[in-house]
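This report refers to the structure that appears directly beneath it.
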Amino acid sequence: MYNMVEMSKTNRVELIYIRADNDNLSYYCHVAKNLYNEANYIVRQAFINNGFWTRYYDLWELLKNSDNYNILPSQTSQHVLRNLDKSWKSFFKAIKAWKKNKSSFSGRPNLPRYKDKDGEFTLFFTNQQIRIKDNVIKLPNKIGLEVKTRLTDDTKINGARIVPQGIGYKLEIIYEIEVPEKKESKNRMMSIDLGVNN
């Protein structure tokens, strides 16, 4: 049995599917992929040639004036670079684990790879880049996408992303809600007998 106590905040995600024939989204997802590969080239070359890991802030300094960076909204471009930095961080963590226990791996972990030449990459948006008005979510003007949503104008948005799906796109809107905290009572218990022939 649960007793209601106080409210706590938690994140939820609303998923909205967008048809594949959206040329605007395809273009911007392709540019995001180009930026990822452009940044990955810089990191790979520095690591292969000098053993140096180029981190996010250095990448940002090197790429903030590049065409790919400036085509996208700036906070979206920053998220692409942060995503690459996380991939490299995971690579170094895997290398460290591999050196400790090689038997738990099928081989040496590979450097983060380039995205497919004709591929697309996820677009990330912060809560500062999106707004909801009259149950319509509006992404930055550069992207030019407005989508009907069940969320209301007063919903606290934490961010959103557009994920290429091959047969279309998935818009994931991350928002915050308050839910009642539940406190478990140890006075009552319940069990289920699944039987022997299930």
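Chain identifiers are assigned as A, B, and so on, following the order in which chains appear in the structure tokens; residues are numbered from 1 within each chain, and ligands are numbered from 1 in order of appearance.
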What lies within 7 Å of range 31-47 of chain A using only C-alpha atoms, ignoring chain neighbours under 6 positions off, as a ChimeraX atom specification?
/A:53-54,59,68-69,80-81,84,114-115,119-121,123
Per-residue DSSP, range 36-131 of chain A, filtered to alpha helix (DSSP H), as a PyMOL selection string:
chain A and resi 36-50+56-63+67-71+74-100
Please list as JSON, numbers by chain every residue within 9 Å of range 126-143 of chain A, counting only C-alpha atoms and excluding residues in the same chain fewer than 4 positions away.
{"A": [24, 25, 28, 71, 72, 73, 75, 76, 79, 147, 148, 149, 150, 151, 152, 153, 154, 155, 156, 157, 158, 159, 160, 161]}
Those selected residues, please, written with C-alpha atoms and delivered as a PDB file, in the first residue's frame.
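Result went into part03.pdb, see below:
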```pdb
ATOM      1  CA  ASN A  24      14.203  20.938 -44.628  1.00  0.00           C
ATOM      2  CA  LEU A  25      14.764  18.422 -41.827  1.00  0.00           C
ATOM      3  CA  TYR A  28      19.697  20.173 -41.434  1.00  0.00           C
ATOM      4  CA  ILE A  71      24.229  26.770 -40.924  1.00  0.00           C
ATOM      5  CA  LEU A  72      22.702  25.198 -37.807  1.00  0.00           C
ATOM      6  CA  PRO A  73      21.364  27.174 -34.832  1.00  0.00           C
ATOM      7  CA  GLN A  75      23.136  25.809 -29.569  1.00  0.00           C
ATOM      8  CA  THR A  76      22.320  22.882 -31.860  1.00  0.00           C
ATOM      9  CA  HIS A  79      25.241  19.914 -28.857  1.00  0.00           C
ATOM     10  CA  VAL A 147       4.180  20.710 -34.947  1.00  0.00           C
ATOM     11  CA  LYS A 148       0.876  20.182 -33.143  1.00  0.00           C
ATOM     12  CA  THR A 149       1.390  18.777 -29.640  1.00  0.00           C
ATOM     13  CA  ARG A 150      -0.780  17.761 -26.709  1.00  0.00           C
ATOM     14  CA  LEU A 151       1.428  19.877 -24.397  1.00  0.00           C
ATOM     15  CA  THR A 152       0.135  23.216 -23.179  1.00  0.00           C
ATOM     16  CA  ASP A 153       1.691  26.688 -23.201  1.00  0.00           C
ATOM     17  CA  ASP A 154       2.698  26.433 -19.529  1.00  0.00           C
ATOM     18  CA  THR A 155       4.535  23.089 -19.915  1.00  0.00           C
ATOM     19  CA  LYS A 156       8.111  23.278 -18.650  1.00  0.00           C
ATOM     20  CA  ILE A 157      10.204  22.150 -21.634  1.00  0.00           C
ATOM     21  CA  ASN A 158      13.725  20.850 -20.901  1.00  0.00           C
ATOM     22  CA  GLY A 159      14.735  20.296 -24.513  1.00  0.00           C
ATOM     23  CA  ALA A 160      13.944  18.449 -27.703  1.00  0.00           C
ATOM     24  CA  ARG A 161      15.654  16.470 -30.427  1.00  0.00           C
TER      25      ARG A 161
END
```
For Arg19 in chain A, find every residue with an atom within 12 Å (counting only C-alpha atoms), except residues of its own chain fewer than 3 positions away, and show them as a short mmCIF file (atom, residue, chain, number, x, y, z; two decimals) with all heavy atoms, in the first residue's frame.
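As a result, result_18.cif now contains:
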```cif
data_model
loop_
_atom_site.label_atom_id
_atom_site.label_comp_id
_atom_site.auth_asym_id
_atom_site.auth_seq_id
_atom_site.Cartn_x
_atom_site.Cartn_y
_atom_site.Cartn_z
N ILE A 16 6.66 12.52 -31.40
CA ILE A 16 5.85 12.90 -32.55
C ILE A 16 6.60 12.45 -33.80
O ILE A 16 7.78 12.79 -33.98
CB ILE A 16 5.61 14.43 -32.59
CG1 ILE A 16 4.90 14.88 -31.32
CG2 ILE A 16 4.83 14.81 -33.83
CD1 ILE A 16 4.82 16.38 -31.15
N ASN A 22 10.21 15.54 -45.59
CA ASN A 22 10.51 16.88 -45.10
C ASN A 22 11.95 17.23 -45.51
O ASN A 22 12.91 16.87 -44.83
CB ASN A 22 10.33 16.94 -43.58
CG ASN A 22 10.39 18.36 -43.06
OD1 ASN A 22 11.25 19.14 -43.44
ND2 ASN A 22 9.46 18.69 -42.17
N ASP A 23 12.09 17.92 -46.64
CA ASP A 23 13.43 18.23 -47.18
C ASP A 23 14.22 19.14 -46.25
O ASP A 23 15.45 19.05 -46.18
CB ASP A 23 13.31 18.88 -48.56
CG ASP A 23 12.81 17.90 -49.61
OD1 ASP A 23 12.96 16.68 -49.40
OD2 ASP A 23 12.24 18.35 -50.63
N ASN A 24 13.53 20.02 -45.54
CA ASN A 24 14.20 20.94 -44.63
C ASN A 24 14.90 20.17 -43.51
O ASN A 24 16.06 20.41 -43.20
CB ASN A 24 13.18 21.93 -44.06
CG ASN A 24 13.78 23.28 -43.77
OD1 ASN A 24 14.74 23.69 -44.39
ND2 ASN A 24 13.20 23.96 -42.81
N LEU A 25 14.17 19.23 -42.90
CA LEU A 25 14.76 18.42 -41.83
C LEU A 25 15.91 17.57 -42.35
O LEU A 25 16.94 17.43 -41.69
CB LEU A 25 13.71 17.52 -41.19
CG LEU A 25 12.76 18.15 -40.19
CD1 LEU A 25 11.87 17.08 -39.56
CD2 LEU A 25 13.49 18.93 -39.13
N SER A 26 15.73 17.00 -43.52
CA SER A 26 16.78 16.18 -44.12
C SER A 26 18.05 16.99 -44.32
O SER A 26 19.16 16.55 -44.00
CB SER A 26 16.30 15.61 -45.46
OG SER A 26 17.31 14.84 -46.04
N VAL A 147 4.87 21.99 -35.04
CA VAL A 147 4.18 20.71 -34.95
C VAL A 147 3.13 20.78 -33.84
O VAL A 147 3.41 21.28 -32.74
CB VAL A 147 5.18 19.56 -34.64
CG1 VAL A 147 4.46 18.23 -34.56
CG2 VAL A 147 6.28 19.51 -35.68
N PRO A 164 16.68 11.23 -36.89
CA PRO A 164 16.40 10.59 -38.19
C PRO A 164 16.11 9.11 -38.00
O PRO A 164 16.80 8.42 -37.25
CB PRO A 164 17.70 10.79 -38.98
CG PRO A 164 18.47 11.84 -38.26
CD PRO A 164 18.05 11.76 -36.83
N GLN A 165 15.06 8.62 -38.68
CA GLN A 165 14.64 7.23 -38.53
C GLN A 165 14.77 6.42 -39.81
O GLN A 165 14.37 5.28 -39.84
CB GLN A 165 13.17 7.19 -38.09
CG GLN A 165 12.91 7.84 -36.75
CD GLN A 165 13.31 6.94 -35.60
OE1 GLN A 165 12.64 5.96 -35.33
NE2 GLN A 165 14.40 7.26 -34.95
N GLY A 166 15.28 7.02 -40.88
CA GLY A 166 15.36 6.32 -42.15
C GLY A 166 14.06 6.42 -42.93
O GLY A 166 14.06 6.71 -44.12
N ILE A 167 12.93 6.20 -42.27
CA ILE A 167 11.62 6.28 -42.94
C ILE A 167 10.87 7.53 -42.47
O ILE A 167 9.67 7.65 -42.66
CB ILE A 167 10.78 5.02 -42.67
CG1 ILE A 167 10.64 4.80 -41.15
CG2 ILE A 167 11.39 3.81 -43.34
CD1 ILE A 167 9.63 3.76 -40.78
N GLY A 168 11.57 8.43 -41.85
CA GLY A 168 10.97 9.65 -41.34
C GLY A 168 11.80 10.19 -40.19
O GLY A 168 12.98 9.86 -40.05
N TYR A 169 11.19 11.00 -39.37
CA TYR A 169 11.89 11.62 -38.25
C TYR A 169 11.04 11.49 -37.00
O TYR A 169 9.82 11.45 -37.07
CB TYR A 169 12.16 13.11 -38.54
CG TYR A 169 13.02 13.29 -39.75
CD1 TYR A 169 12.46 13.39 -41.01
CD2 TYR A 169 14.41 13.30 -39.65
CE1 TYR A 169 13.24 13.52 -42.14
CE2 TYR A 169 15.20 13.43 -40.77
CZ TYR A 169 14.61 13.53 -42.01
OH TYR A 169 15.40 13.65 -43.13
N LYS A 170 11.72 11.45 -35.87
CA LYS A 170 11.04 11.38 -34.59
C LYS A 170 11.40 12.64 -33.81
O LYS A 170 12.58 12.91 -33.57
CB LYS A 170 11.48 10.12 -33.84
CG LYS A 170 10.82 9.91 -32.51
CD LYS A 170 11.15 8.54 -31.92
CE LYS A 170 12.62 8.36 -31.69
NZ LYS A 170 12.97 7.11 -31.00
N LEU A 171 10.39 13.42 -33.45
CA LEU A 171 10.59 14.59 -32.60
C LEU A 171 10.34 14.16 -31.17
O LEU A 171 9.25 13.69 -30.84
CB LEU A 171 9.65 15.72 -33.01
CG LEU A 171 9.62 16.95 -32.09
CD1 LEU A 171 10.99 17.61 -32.00
CD2 LEU A 171 8.58 17.95 -32.57
#
```
From the list A:Gln78, A:Pro109, A:Lys89, A:Thr122, which residue is nearest Glu172 in chain A when using only C-alpha atoms?
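Checking each candidate against Glu172 in chain A, we get A:Thr122 as the closest.
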Atomic distance CA of Tyr175 in chain A - CA of Phe124 in chain A, expressed in Å with one decimal:
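CA of Phe124 in chain A lies 14.2 Å from CA of Tyr175 in chain A.
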DSSP on the backbone: what in range 32-193 of chain A comes out strand (DSSP E), as a PyMOL selection string?
chain A and resi 123-126+131-133+136-138+146-148+156-164+168-184
Which value, in Å to one decimal, gives the distance between CA of Ile174 in chain A and CA of Asp85 in chain A?
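Computed distance, CA of Ile174 in chain A to CA of Asp85 in chain A, equals 22.1 Å.
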